[in-house]
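S.K.: Input: one structure, supplied below.
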Amino acid sequence: MAKKASDFTLMITTIVLVFIGIIMVFSSSYPDAYYKLNNPYHFLVKQLIFAILGLFVMIFFMNFKYTRLAKLSKIIFLGAIVLDALLFTPLGKEIGGATRWVVIFGNTIMPSDAIKFASIILMATFLAKKKDDIRKFWKGLVPALLIIGFSAALIIIQPDLSTSATLATTLVAMLFVSGAKMSHLSGIGAIGVVGLFFAIKGEAYRLRRMTVFLHPFDDPTDAGWQVIQSLYALGSGGLFGAGLGKSKQKFFYLSEPYNDFIFSIIGEELGFIGSVIVIILFLIIIWRGIKIALSAKDLFGCYLASGITALIAIQTLIHIGVVTSSLPPTGIPLPFVSAGGTSLMMFMACIGILLNISRHVSLDRS
């Protein structure tokens with residue numbers, strides 16, 4: 001076994017993405033911040049503060065021995081449950097019919113980010129302990145399903161179906177990496193599809209999103225508005241983009257362009273080339289994450305790195321899929337780039353863990 005320096009490529013790529021995020025959040029939020037808050041630098045300052053805090057969080061986890069997380073997994077998960085429960089107290093903040101935010105000392109926190117972080121650690125701990133039983137139905141599959149189901153339920157009650165599905169898919173990916181039977185995974189997939197069907201069918205607004213996804217131009221002034229404006233932004237960017245700060249769609253055509261549709265503004269201002277560069281940066285992070293998982297010295301490190309990498313990959317794919325109308329419209333931020341302090345700090349903590357794992361590798365797998 002050898003101990004080496006952290007993965008420099010992963011660290012630099014992450015910092016570059018966060019830097020791009022700060023610039024794009026400022027550019028895309030300027031009109032909203034100026035006209036609604038009378039402070040054009042509101043979101044820029046917040047993103048800068050959380051980026052700096054996130055850097056310290058990343059450094060902390062980079063030096064905090066990751067194997068200790070296995071021992072703390074239940075406590076971390078319990079903390080996430082308590083944070084989620086605060087949504088149903090006076091601290092919970094409702095926006096647009098959903099209560100997904102907790103306000104503590106004037107700061108807004110999204111419990112779903114803590115749940116994602118805690119669930120991946122708990123799942124990695126479980127899979128490492130049950131390495132010999134993971135292919136068994138009662139000893140391996142059923143307990144894993146309980147973790148997946150309970151974790152997803154903590155988010156879906158907010159309600160937040162898209163984030164819940166993102167987390168569930170991430171945890172199933174970890175189960176796949178652990179060597180679960182394909183028949184079991186197929187069964188989970190079937191259950192997931194059926195559950196998703198009834199969840200969409202049970203709410204009119206979710207069903208409407210599916211209709212909009214299939215035919216966005218049938219209702220261009222209402223349900224299809226966001227998707228259409230996103231496509232206009234991407235299309236008008238062309239090869240080289242309109243130029244940094246020169247987006248037109250951010251002027252109240254797209255709702256909160258600095259969050260769920262920030263990739264649209266990237267496409268409009270930086271063009272196809274800028275968009276591809278951002279995608280390449282994400283691919284580098286995913287590549288390094290996979291490499292770290294393969295070279296981890298223990299199963300817990302392998303599964304933890306796999307879960308973190310899967311979450312980044314899946315959430316990035318969904319965000320880009322939504323803004324390009326390749327997936328049904330939903331609210332998923334782009335990791336490291338979209339505005340949002342809790343999300344940014346959570347993902348930088350995850351990178352810190354990956355960097356920590358990369359310092360401890362097996363010689364025969366490095």
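Please note that chains go A, B, ... in the order of the structure tokens, that every chain numbers its residues from 1, and that ligands are numbered from 1 in the order shown.
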Find the spatial neighbours of Ile284 in chain A, counting only C-alpha atoms, within a cut-off of 9 Å - ignore same-chain residues fewer than 3 positions away - and output them as a list in words.
M.R.: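 Here the answer would be Thr9, Leu10, Thr13, Ile279, Ile280, Leu281, Trp287, Arg288 and Gly289 of chain A.
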S.K.: Store the residues of this selection in a file with all heavy atoms, as a PDB file, in the first residue's frame.
M.R.:
ATOM      1  N   THR A   9      -5.323  16.558 -10.927  1.00  0.00           N
ATOM      2  CA  THR A   9      -6.216  16.821 -12.067  1.00  0.00           C
ATOM      3  C   THR A   9      -7.644  17.048 -11.598  1.00  0.00           C
ATOM      4  O   THR A   9      -8.323  17.977 -12.044  1.00  0.00           O
ATOM      5  CB  THR A   9      -6.181  15.643 -13.064  1.00  0.00           C
ATOM      6  OG1 THR A   9      -4.839  15.441 -13.500  1.00  0.00           O
ATOM      7  CG2 THR A   9      -7.072  15.925 -14.263  1.00  0.00           C
ATOM      8  N   LEU A  10      -8.100  16.210 -10.686  1.00  0.00           N
ATOM      9  CA  LEU A  10      -9.457  16.340 -10.145  1.00  0.00           C
ATOM     10  C   LEU A  10      -9.610  17.663  -9.394  1.00  0.00           C
ATOM     11  O   LEU A  10     -10.615  18.361  -9.557  1.00  0.00           O
ATOM     12  CB  LEU A  10      -9.759  15.166  -9.208  1.00  0.00           C
ATOM     13  CG  LEU A  10     -11.101  15.217  -8.468  1.00  0.00           C
ATOM     14  CD1 LEU A  10     -12.255  15.191  -9.451  1.00  0.00           C
ATOM     15  CD2 LEU A  10     -11.207  14.058  -7.480  1.00  0.00           C
ATOM     16  N   THR A  13      -9.575  20.683 -11.918  1.00  0.00           N
ATOM     17  CA  THR A  13     -10.796  20.683 -12.735  1.00  0.00           C
ATOM     18  C   THR A  13     -11.985  21.189 -11.935  1.00  0.00           C
ATOM     19  O   THR A  13     -12.805  21.975 -12.426  1.00  0.00           O
ATOM     20  CB  THR A  13     -11.085  19.270 -13.269  1.00  0.00           C
ATOM     21  OG1 THR A  13      -9.950  18.780 -13.973  1.00  0.00           O
ATOM     22  CG2 THR A  13     -12.282  19.285 -14.202  1.00  0.00           C
ATOM     23  N   ILE A 279     -18.718  20.623 -20.566  1.00  0.00           N
ATOM     24  CA  ILE A 279     -19.020  19.186 -20.557  1.00  0.00           C
ATOM     25  C   ILE A 279     -17.736  18.363 -20.410  1.00  0.00           C
ATOM     26  O   ILE A 279     -17.695  17.372 -19.666  1.00  0.00           O
ATOM     27  CB  ILE A 279     -19.781  18.783 -21.848  1.00  0.00           C
ATOM     28  CG1 ILE A 279     -21.187  19.394 -21.838  1.00  0.00           C
ATOM     29  CG2 ILE A 279     -19.869  17.266 -21.967  1.00  0.00           C
ATOM     30  CD1 ILE A 279     -21.948  19.213 -23.131  1.00  0.00           C
ATOM     31  N   ILE A 280     -16.693  18.784 -21.094  1.00  0.00           N
ATOM     32  CA  ILE A 280     -15.400  18.084 -20.990  1.00  0.00           C
ATOM     33  C   ILE A 280     -14.871  18.135 -19.555  1.00  0.00           C
ATOM     34  O   ILE A 280     -14.343  17.150 -19.040  1.00  0.00           O
ATOM     35  CB  ILE A 280     -14.377  18.682 -21.974  1.00  0.00           C
ATOM     36  CG1 ILE A 280     -14.749  18.306 -23.410  1.00  0.00           C
ATOM     37  CG2 ILE A 280     -12.951  18.186 -21.662  1.00  0.00           C
ATOM     38  CD1 ILE A 280     -13.903  18.983 -24.474  1.00  0.00           C
ATOM     39  N   LEU A 281     -15.027  19.272 -18.897  1.00  0.00           N
ATOM     40  CA  LEU A 281     -14.587  19.395 -17.504  1.00  0.00           C
ATOM     41  C   LEU A 281     -15.335  18.403 -16.609  1.00  0.00           C
ATOM     42  O   LEU A 281     -14.740  17.770 -15.730  1.00  0.00           O
ATOM     43  CB  LEU A 281     -14.801  20.824 -17.004  1.00  0.00           C
ATOM     44  CG  LEU A 281     -13.882  21.891 -17.619  1.00  0.00           C
ATOM     45  CD1 LEU A 281     -14.324  23.291 -17.177  1.00  0.00           C
ATOM     46  CD2 LEU A 281     -12.424  21.657 -17.225  1.00  0.00           C
ATOM     47  N   TRP A 287     -14.223  10.826 -15.035  1.00  0.00           N
ATOM     48  CA  TRP A 287     -13.118   9.902 -15.346  1.00  0.00           C
ATOM     49  C   TRP A 287     -12.216   9.712 -14.139  1.00  0.00           C
ATOM     50  O   TRP A 287     -11.870   8.588 -13.773  1.00  0.00           O
ATOM     51  CB  TRP A 287     -12.334  10.446 -16.545  1.00  0.00           C
ATOM     52  CG  TRP A 287     -10.959   9.863 -16.704  1.00  0.00           C
ATOM     53  CD1 TRP A 287     -10.615   8.539 -16.763  1.00  0.00           C
ATOM     54  CD2 TRP A 287      -9.724  10.595 -16.807  1.00  0.00           C
ATOM     55  NE1 TRP A 287      -9.255   8.399 -16.908  1.00  0.00           N
ATOM     56  CE2 TRP A 287      -8.681   9.650 -16.940  1.00  0.00           C
ATOM     57  CE3 TRP A 287      -9.412  11.955 -16.826  1.00  0.00           C
ATOM     58  CZ2 TRP A 287      -7.354  10.017 -17.068  1.00  0.00           C
ATOM     59  CZ3 TRP A 287      -8.087  12.323 -16.963  1.00  0.00           C
ATOM     60  CH2 TRP A 287      -7.071  11.358 -17.078  1.00  0.00           C
ATOM     61  N   ARG A 288     -11.829  10.817 -13.492  1.00  0.00           N
ATOM     62  CA  ARG A 288     -10.962  10.711 -12.315  1.00  0.00           C
ATOM     63  C   ARG A 288     -11.675  10.002 -11.166  1.00  0.00           C
ATOM     64  O   ARG A 288     -11.061   9.256 -10.396  1.00  0.00           O
ATOM     65  CB  ARG A 288     -10.497  12.097 -11.863  1.00  0.00           C
ATOM     66  CG  ARG A 288      -9.709  12.895 -12.888  1.00  0.00           C
ATOM     67  CD  ARG A 288      -8.580  12.116 -13.508  1.00  0.00           C
ATOM     68  NE  ARG A 288      -7.545  11.717 -12.539  1.00  0.00           N
ATOM     69  CZ  ARG A 288      -6.478  11.025 -12.849  1.00  0.00           C
ATOM     70  NH1 ARG A 288      -6.301  10.596 -14.101  1.00  0.00           N
ATOM     71  NH2 ARG A 288      -5.584  10.722 -11.928  1.00  0.00           N
ATOM     72  N   GLY A 289     -12.984  10.241 -11.043  1.00  0.00           N
ATOM     73  CA  GLY A 289     -13.755   9.571 -10.004  1.00  0.00           C
ATOM     74  C   GLY A 289     -13.778   8.072 -10.193  1.00  0.00           C
ATOM     75  O   GLY A 289     -13.626   7.297  -9.228  1.00  0.00           O
TER      76      GLY A 289
END
S.K.: Find the spatial neighbours of range 252-261 of chain A, counting only C-alpha atoms, within a cut-off of 6 Å - ignore same-chain residues fewer than 3 positions away - and output them as a ChimeraX atom specification.
M.R.: /A:25,28-29,226,249,264,331-333,338-339
S.K.: Keeping N, CA, C and O atoms for every residue in the selection just given, could you write it to a file as a PDB file, in the first residue's frame?
M.R.:
ATOM      1  N   VAL A  25     -22.962  32.584 -12.753  1.00  0.00           N
ATOM      2  CA  VAL A  25     -24.018  32.970 -11.815  1.00  0.00           C
ATOM      3  C   VAL A  25     -24.162  34.493 -11.803  1.00  0.00           C
ATOM      4  O   VAL A  25     -25.281  35.020 -11.829  1.00  0.00           O
ATOM      5  N   SER A  28     -25.727  35.544 -15.266  1.00  0.00           N
ATOM      6  CA  SER A  28     -27.126  35.148 -15.464  1.00  0.00           C
ATOM      7  C   SER A  28     -28.074  35.726 -14.424  1.00  0.00           C
ATOM      8  O   SER A  28     -29.282  35.829 -14.666  1.00  0.00           O
ATOM      9  N   SER A  29     -27.549  36.125 -13.251  1.00  0.00           N
ATOM     10  CA  SER A  29     -28.421  36.618 -12.178  1.00  0.00           C
ATOM     11  C   SER A  29     -28.515  38.136 -12.128  1.00  0.00           C
ATOM     12  O   SER A  29     -29.344  38.679 -11.392  1.00  0.00           O
ATOM     13  N   GLN A 226     -40.636  27.701 -20.559  1.00  0.00           N
ATOM     14  CA  GLN A 226     -39.269  27.543 -20.085  1.00  0.00           C
ATOM     15  C   GLN A 226     -38.410  26.754 -21.065  1.00  0.00           C
ATOM     16  O   GLN A 226     -37.281  27.135 -21.378  1.00  0.00           O
ATOM     17  N   GLN A 249     -31.883  36.026 -23.061  1.00  0.00           N
ATOM     18  CA  GLN A 249     -32.883  35.196 -22.396  1.00  0.00           C
ATOM     19  C   GLN A 249     -32.869  35.367 -20.877  1.00  0.00           C
ATOM     20  O   GLN A 249     -33.865  35.072 -20.217  1.00  0.00           O
ATOM     21  N   SER A 264     -28.241  26.791 -20.167  1.00  0.00           N
ATOM     22  CA  SER A 264     -28.803  27.516 -21.313  1.00  0.00           C
ATOM     23  C   SER A 264     -28.062  28.831 -21.526  1.00  0.00           C
ATOM     24  O   SER A 264     -27.750  29.207 -22.672  1.00  0.00           O
ATOM     25  N   GLY A 331     -36.529  20.660 -12.052  1.00  0.00           N
ATOM     26  CA  GLY A 331     -35.562  21.561 -11.436  1.00  0.00           C
ATOM     27  C   GLY A 331     -34.371  20.845 -10.839  1.00  0.00           C
ATOM     28  O   GLY A 331     -34.444  20.372  -9.707  1.00  0.00           O
ATOM     29  N   ILE A 332     -33.299  20.728 -11.591  1.00  0.00           N
ATOM     30  CA  ILE A 332     -32.070  20.096 -11.107  1.00  0.00           C
ATOM     31  C   ILE A 332     -30.894  21.036 -11.386  1.00  0.00           C
ATOM     32  O   ILE A 332     -30.626  21.362 -12.541  1.00  0.00           O
ATOM     33  N   PRO A 333     -30.185  21.496 -10.347  1.00  0.00           N
ATOM     34  CA  PRO A 333     -29.042  22.396 -10.574  1.00  0.00           C
ATOM     35  C   PRO A 333     -27.853  21.673 -11.179  1.00  0.00           C
ATOM     36  O   PRO A 333     -27.717  20.455 -11.019  1.00  0.00           O
ATOM     37  N   SER A 338     -24.311  25.940 -10.856  1.00  0.00           N
ATOM     38  CA  SER A 338     -25.551  26.645 -10.523  1.00  0.00           C
ATOM     39  C   SER A 338     -25.454  27.357  -9.180  1.00  0.00           C
ATOM     40  O   SER A 338     -24.705  26.939  -8.294  1.00  0.00           O
ATOM     41  N   ALA A 339     -26.251  28.420  -9.033  1.00  0.00           N
ATOM     42  CA  ALA A 339     -26.325  29.126  -7.753  1.00  0.00           C
ATOM     43  C   ALA A 339     -26.940  28.203  -6.705  1.00  0.00           C
ATOM     44  O   ALA A 339     -27.853  27.428  -7.000  1.00  0.00           O
TER      45      ALA A 339
END
S.K.: Could you give me, as a PyMOL selection string, the residues within 7 Å of Gly267 in chain A, counting only C-alpha atoms and dropping anything in the same chain fewer than 5 positions from it?
M.R.: chain A and resi 233-234+237+241+272+274-275
S.K.: Skipping near chain neighbours, those fewer than 2 positions away, what residues fall within 7 Å of Ala349 in chain A using only C-alpha atoms, listed as a list of chain:residue names?
M.R.: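 Contacts, in chain order: A:Val57, A:Met58, A:Phe61, A:Met345, A:Met346, A:Phe347, A:Ile351, A:Gly352, A:Ile353.
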S.K.: Which polymer residues have any atom within 9 Å of an atom of Ile134 in chain A, counting only C-alpha atoms, with same-chain residues fewer than 3 positions away left out, as a list of chain:residue names?
M.R.: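 Contacts, in chain order: A:Leu127, A:Lys130, A:Lys131, A:Phe137, A:Lys139, A:Gly140, A:Leu141, A:Ala144, A:Leu175, A:Ser178, A:Gly179, A:Ala180, A:Lys181.
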S.K.: Pull N, CA and C atoms from the residues just selected and write them as a PDB file, in the first residue's frame.
M.R.:
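Result saved to out_10.pdb:
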ATOM      1  N   LEU A 127     -22.805  -1.717   1.864  1.00  0.00           N
ATOM      2  CA  LEU A 127     -22.300  -2.603   0.810  1.00  0.00           C
ATOM      3  C   LEU A 127     -20.949  -3.204   1.179  1.00  0.00           C
ATOM      4  N   LYS A 130     -21.627  -5.939   3.802  1.00  0.00           N
ATOM      5  CA  LYS A 130     -22.398  -7.071   3.286  1.00  0.00           C
ATOM      6  C   LYS A 130     -21.823  -7.610   1.968  1.00  0.00           C
ATOM      7  N   LYS A 131     -20.519  -7.499   1.796  1.00  0.00           N
ATOM      8  CA  LYS A 131     -19.900  -7.891   0.534  1.00  0.00           C
ATOM      9  C   LYS A 131     -20.167  -9.350   0.159  1.00  0.00           C
ATOM     10  N   PHE A 137     -31.036 -12.440  -1.643  1.00  0.00           N
ATOM     11  CA  PHE A 137     -32.257 -11.630  -1.666  1.00  0.00           C
ATOM     12  C   PHE A 137     -32.547 -10.990  -0.315  1.00  0.00           C
ATOM     13  N   LYS A 139     -30.727 -11.045   2.680  1.00  0.00           N
ATOM     14  CA  LYS A 139     -29.616 -10.454   3.417  1.00  0.00           C
ATOM     15  C   LYS A 139     -28.948  -9.283   2.688  1.00  0.00           C
ATOM     16  N   GLY A 140     -29.080  -9.264   1.364  1.00  0.00           N
ATOM     17  CA  GLY A 140     -28.424  -8.228   0.585  1.00  0.00           C
ATOM     18  C   GLY A 140     -29.376  -7.246  -0.072  1.00  0.00           C
ATOM     19  N   LEU A 141     -30.274  -7.768  -0.907  1.00  0.00           N
ATOM     20  CA  LEU A 141     -31.143  -6.899  -1.711  1.00  0.00           C
ATOM     21  C   LEU A 141     -32.167  -6.138  -0.875  1.00  0.00           C
ATOM     22  N   ALA A 144     -30.802  -3.273   1.189  1.00  0.00           N
ATOM     23  CA  ALA A 144     -30.383  -2.214   0.267  1.00  0.00           C
ATOM     24  C   ALA A 144     -31.594  -1.444  -0.251  1.00  0.00           C
ATOM     25  N   LEU A 175     -25.230  -0.138  -6.026  1.00  0.00           N
ATOM     26  CA  LEU A 175     -25.595  -1.548  -5.872  1.00  0.00           C
ATOM     27  C   LEU A 175     -25.074  -2.369  -7.042  1.00  0.00           C
ATOM     28  N   SER A 178     -21.405  -2.969  -6.690  1.00  0.00           N
ATOM     29  CA  SER A 178     -21.096  -3.943  -5.637  1.00  0.00           C
ATOM     30  C   SER A 178     -21.230  -5.385  -6.091  1.00  0.00           C
ATOM     31  N   GLY A 179     -21.820  -5.585  -7.277  1.00  0.00           N
ATOM     32  CA  GLY A 179     -21.923  -6.943  -7.800  1.00  0.00           C
ATOM     33  C   GLY A 179     -23.267  -7.605  -7.588  1.00  0.00           C
ATOM     34  N   ALA A 180     -24.320  -6.814  -7.394  1.00  0.00           N
ATOM     35  CA  ALA A 180     -25.662  -7.371  -7.209  1.00  0.00           C
ATOM     36  C   ALA A 180     -26.101  -8.116  -8.471  1.00  0.00           C
ATOM     37  N   LYS A 181     -26.992  -9.065  -8.297  1.00  0.00           N
ATOM     38  CA  LYS A 181     -27.491  -9.848  -9.425  1.00  0.00           C
ATOM     39  C   LYS A 181     -28.238  -8.961 -10.412  1.00  0.00           C
TER      40      LYS A 181
END
S.K.: Let's see if you can do this: from backbone DSSP, list all strand (DSSP E) residues in range 34-234 of chain A, as a PyMOL selection string.
M.R.: chain A and resi 92-95+98-104+107-109
S.K.: Can I get the selected residues back with N, CA, C and O atoms, as a PDB file, in the first residue's frame?
M.R.:
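Result file again_2.pdb:
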ATOM      1  N   GLY A  92     -39.306  25.691   8.153  1.00  0.00           N
ATOM      2  CA  GLY A  92     -39.470  25.311   6.757  1.00  0.00           C
ATOM      3  C   GLY A  92     -39.968  26.473   5.913  1.00  0.00           C
ATOM      4  O   GLY A  92     -40.803  27.269   6.355  1.00  0.00           O
ATOM      5  N   LYS A  93     -39.445  26.587   4.711  1.00  0.00           N
ATOM      6  CA  LYS A  93     -39.822  27.688   3.812  1.00  0.00           C
ATOM      7  C   LYS A  93     -40.454  27.124   2.547  1.00  0.00           C
ATOM      8  O   LYS A  93     -39.856  26.298   1.851  1.00  0.00           O
ATOM      9  N   GLU A  94     -41.652  27.572   2.257  1.00  0.00           N
ATOM     10  CA  GLU A  94     -42.378  27.102   1.072  1.00  0.00           C
ATOM     11  C   GLU A  94     -42.217  28.085  -0.080  1.00  0.00           C
ATOM     12  O   GLU A  94     -42.424  29.288   0.073  1.00  0.00           O
ATOM     13  N   ILE A  95     -41.846  27.549  -1.227  1.00  0.00           N
ATOM     14  CA  ILE A  95     -41.734  28.351  -2.451  1.00  0.00           C
ATOM     15  C   ILE A  95     -42.368  27.563  -3.588  1.00  0.00           C
ATOM     16  O   ILE A  95     -41.991  26.415  -3.835  1.00  0.00           O
ATOM     17  N   ALA A  98     -43.898  24.011  -2.808  1.00  0.00           N
ATOM     18  CA  ALA A  98     -43.023  22.958  -2.279  1.00  0.00           C
ATOM     19  C   ALA A  98     -42.213  23.498  -1.111  1.00  0.00           C
ATOM     20  O   ALA A  98     -41.726  24.626  -1.149  1.00  0.00           O
ATOM     21  N   THR A  99     -42.082  22.679  -0.068  1.00  0.00           N
ATOM     22  CA  THR A  99     -41.289  23.074   1.098  1.00  0.00           C
ATOM     23  C   THR A  99     -39.979  22.304   1.064  1.00  0.00           C
ATOM     24  O   THR A  99     -39.887  21.179   1.549  1.00  0.00           O
ATOM     25  N   ARG A 100     -38.957  22.907   0.482  1.00  0.00           N
ATOM     26  CA  ARG A 100     -37.668  22.236   0.280  1.00  0.00           C
ATOM     27  C   ARG A 100     -36.516  22.958   0.973  1.00  0.00           C
ATOM     28  O   ARG A 100     -35.369  22.530   0.852  1.00  0.00           O
ATOM     29  N   TRP A 101     -36.824  24.030   1.678  1.00  0.00           N
ATOM     30  CA  TRP A 101     -35.772  24.845   2.265  1.00  0.00           C
ATOM     31  C   TRP A 101     -36.013  25.045   3.760  1.00  0.00           C
ATOM     32  O   TRP A 101     -37.146  25.180   4.216  1.00  0.00           O
ATOM     33  N   VAL A 102     -34.935  25.076   4.510  1.00  0.00           N
ATOM     34  CA  VAL A 102     -34.973  25.365   5.940  1.00  0.00           C
ATOM     35  C   VAL A 102     -34.192  26.653   6.170  1.00  0.00           C
ATOM     36  O   VAL A 102     -33.068  26.794   5.664  1.00  0.00           O
ATOM     37  N   VAL A 103     -34.777  27.587   6.892  1.00  0.00           N
ATOM     38  CA  VAL A 103     -34.120  28.865   7.169  1.00  0.00           C
ATOM     39  C   VAL A 103     -33.572  28.839   8.597  1.00  0.00           C
ATOM     40  O   VAL A 103     -34.329  28.758   9.567  1.00  0.00           O
ATOM     41  N   ILE A 104     -32.251  28.863   8.723  1.00  0.00           N
ATOM     42  CA  ILE A 104     -31.584  28.855  10.018  1.00  0.00           C
ATOM     43  C   ILE A 104     -30.668  30.079  10.101  1.00  0.00           C
ATOM     44  O   ILE A 104     -29.752  30.223   9.284  1.00  0.00           O
ATOM     45  N   ASN A 107     -30.061  31.958   6.969  1.00  0.00           N
ATOM     46  CA  ASN A 107     -29.468  31.223   5.843  1.00  0.00           C
ATOM     47  C   ASN A 107     -30.397  30.108   5.385  1.00  0.00           C
ATOM     48  O   ASN A 107     -30.978  29.401   6.215  1.00  0.00           O
ATOM     49  N   THR A 108     -30.524  29.975   4.075  1.00  0.00           N
ATOM     50  CA  THR A 108     -31.401  28.956   3.506  1.00  0.00           C
ATOM     51  C   THR A 108     -30.607  27.687   3.211  1.00  0.00           C
ATOM     52  O   THR A 108     -29.571  27.729   2.545  1.00  0.00           O
ATOM     53  N   ILE A 109     -31.106  26.562   3.733  1.00  0.00           N
ATOM     54  CA  ILE A 109     -30.438  25.268   3.568  1.00  0.00           C
ATOM     55  C   ILE A 109     -31.392  24.292   2.901  1.00  0.00           C
ATOM     56  O   ILE A 109     -32.585  24.252   3.218  1.00  0.00           O
TER      57      ILE A 109
END
S.K.: Which residues, written as a ChimeraX atom specification, have at least one atom at most 9 Å from range 313-330 of chain A, with only C-alpha atoms counted and residues fewer than 5 positions away on the same chain left out?
M.R.: /A:161-163,166-167,169-170,209-214,216,226-228,230-231,234,260-264,279,282-283,285-286,308,335
S.K.: Convert the current residue selection to file output with C-alpha atoms, as a PDB file, in the first residue's frame.
M.R.:
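Saved to out.pdb:
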ATOM      1  CA  LEU A 161     -39.622  13.840  -7.410  1.00  0.00           C
ATOM      2  CA  SER A 162     -36.670  14.696  -9.655  1.00  0.00           C
ATOM      3  CA  THR A 163     -34.116  14.906  -6.829  1.00  0.00           C
ATOM      4  CA  THR A 166     -31.645  11.224  -8.947  1.00  0.00           C
ATOM      5  CA  LEU A 167     -30.659   9.894  -5.524  1.00  0.00           C
ATOM      6  CA  THR A 169     -30.618   6.064  -9.372  1.00  0.00           C
ATOM      7  CA  THR A 170     -27.289   6.896  -7.724  1.00  0.00           C
ATOM      8  CA  ARG A 209     -44.451  18.264 -17.760  1.00  0.00           C
ATOM      9  CA  MET A 210     -44.444  15.007 -19.731  1.00  0.00           C
ATOM     10  CA  THR A 211     -46.822  16.517 -22.285  1.00  0.00           C
ATOM     11  CA  VAL A 212     -44.632  19.615 -22.550  1.00  0.00           C
ATOM     12  CA  PHE A 213     -41.555  17.454 -23.043  1.00  0.00           C
ATOM     13  CA  LEU A 214     -43.177  15.673 -25.988  1.00  0.00           C
ATOM     14  CA  PRO A 216     -43.305  21.986 -26.027  1.00  0.00           C
ATOM     15  CA  GLN A 226     -39.269  27.543 -20.085  1.00  0.00           C
ATOM     16  CA  VAL A 227     -38.199  24.779 -22.456  1.00  0.00           C
ATOM     17  CA  ILE A 228     -38.728  26.922 -25.535  1.00  0.00           C
ATOM     18  CA  SER A 230     -33.991  27.480 -23.138  1.00  0.00           C
ATOM     19  CA  LEU A 231     -33.807  26.203 -26.709  1.00  0.00           C
ATOM     20  CA  LEU A 234     -28.877  27.567 -26.861  1.00  0.00           C
ATOM     21  CA  ASP A 260     -31.979  25.214 -13.073  1.00  0.00           C
ATOM     22  CA  PHE A 261     -31.277  26.636 -16.554  1.00  0.00           C
ATOM     23  CA  ILE A 262     -27.763  27.982 -16.165  1.00  0.00           C
ATOM     24  CA  PHE A 263     -26.434  25.711 -18.913  1.00  0.00           C
ATOM     25  CA  SER A 264     -28.803  27.516 -21.313  1.00  0.00           C
ATOM     26  CA  ILE A 279     -19.020  19.186 -20.557  1.00  0.00           C
ATOM     27  CA  PHE A 282     -17.400  17.269 -16.085  1.00  0.00           C
ATOM     28  CA  LEU A 283     -16.172  14.256 -18.061  1.00  0.00           C
ATOM     29  CA  ILE A 285     -14.189  14.732 -13.048  1.00  0.00           C
ATOM     30  CA  ILE A 286     -16.183  11.588 -13.829  1.00  0.00           C
ATOM     31  CA  ILE A 308     -20.061  10.304  -5.485  1.00  0.00           C
ATOM     32  CA  PRO A 335     -23.135  20.656  -9.950  1.00  0.00           C
TER      33      PRO A 335
END
S.K.: From the list A:Leu244, A:Ile191, A:Leu334, A:Ile357, which residue is nearest Met24 in chain A when using only C-alpha atoms?
M.R.: A:Leu244
S.K.: Considering only C-alpha atoms, can you say which of A:Ser112, A:Thr342, A:Asn63, A:Ser247 comes closest to Ile49 in chain A?
M.R.: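 Among the listed residues, A:Thr342 lies closest to Ile49 in chain A.
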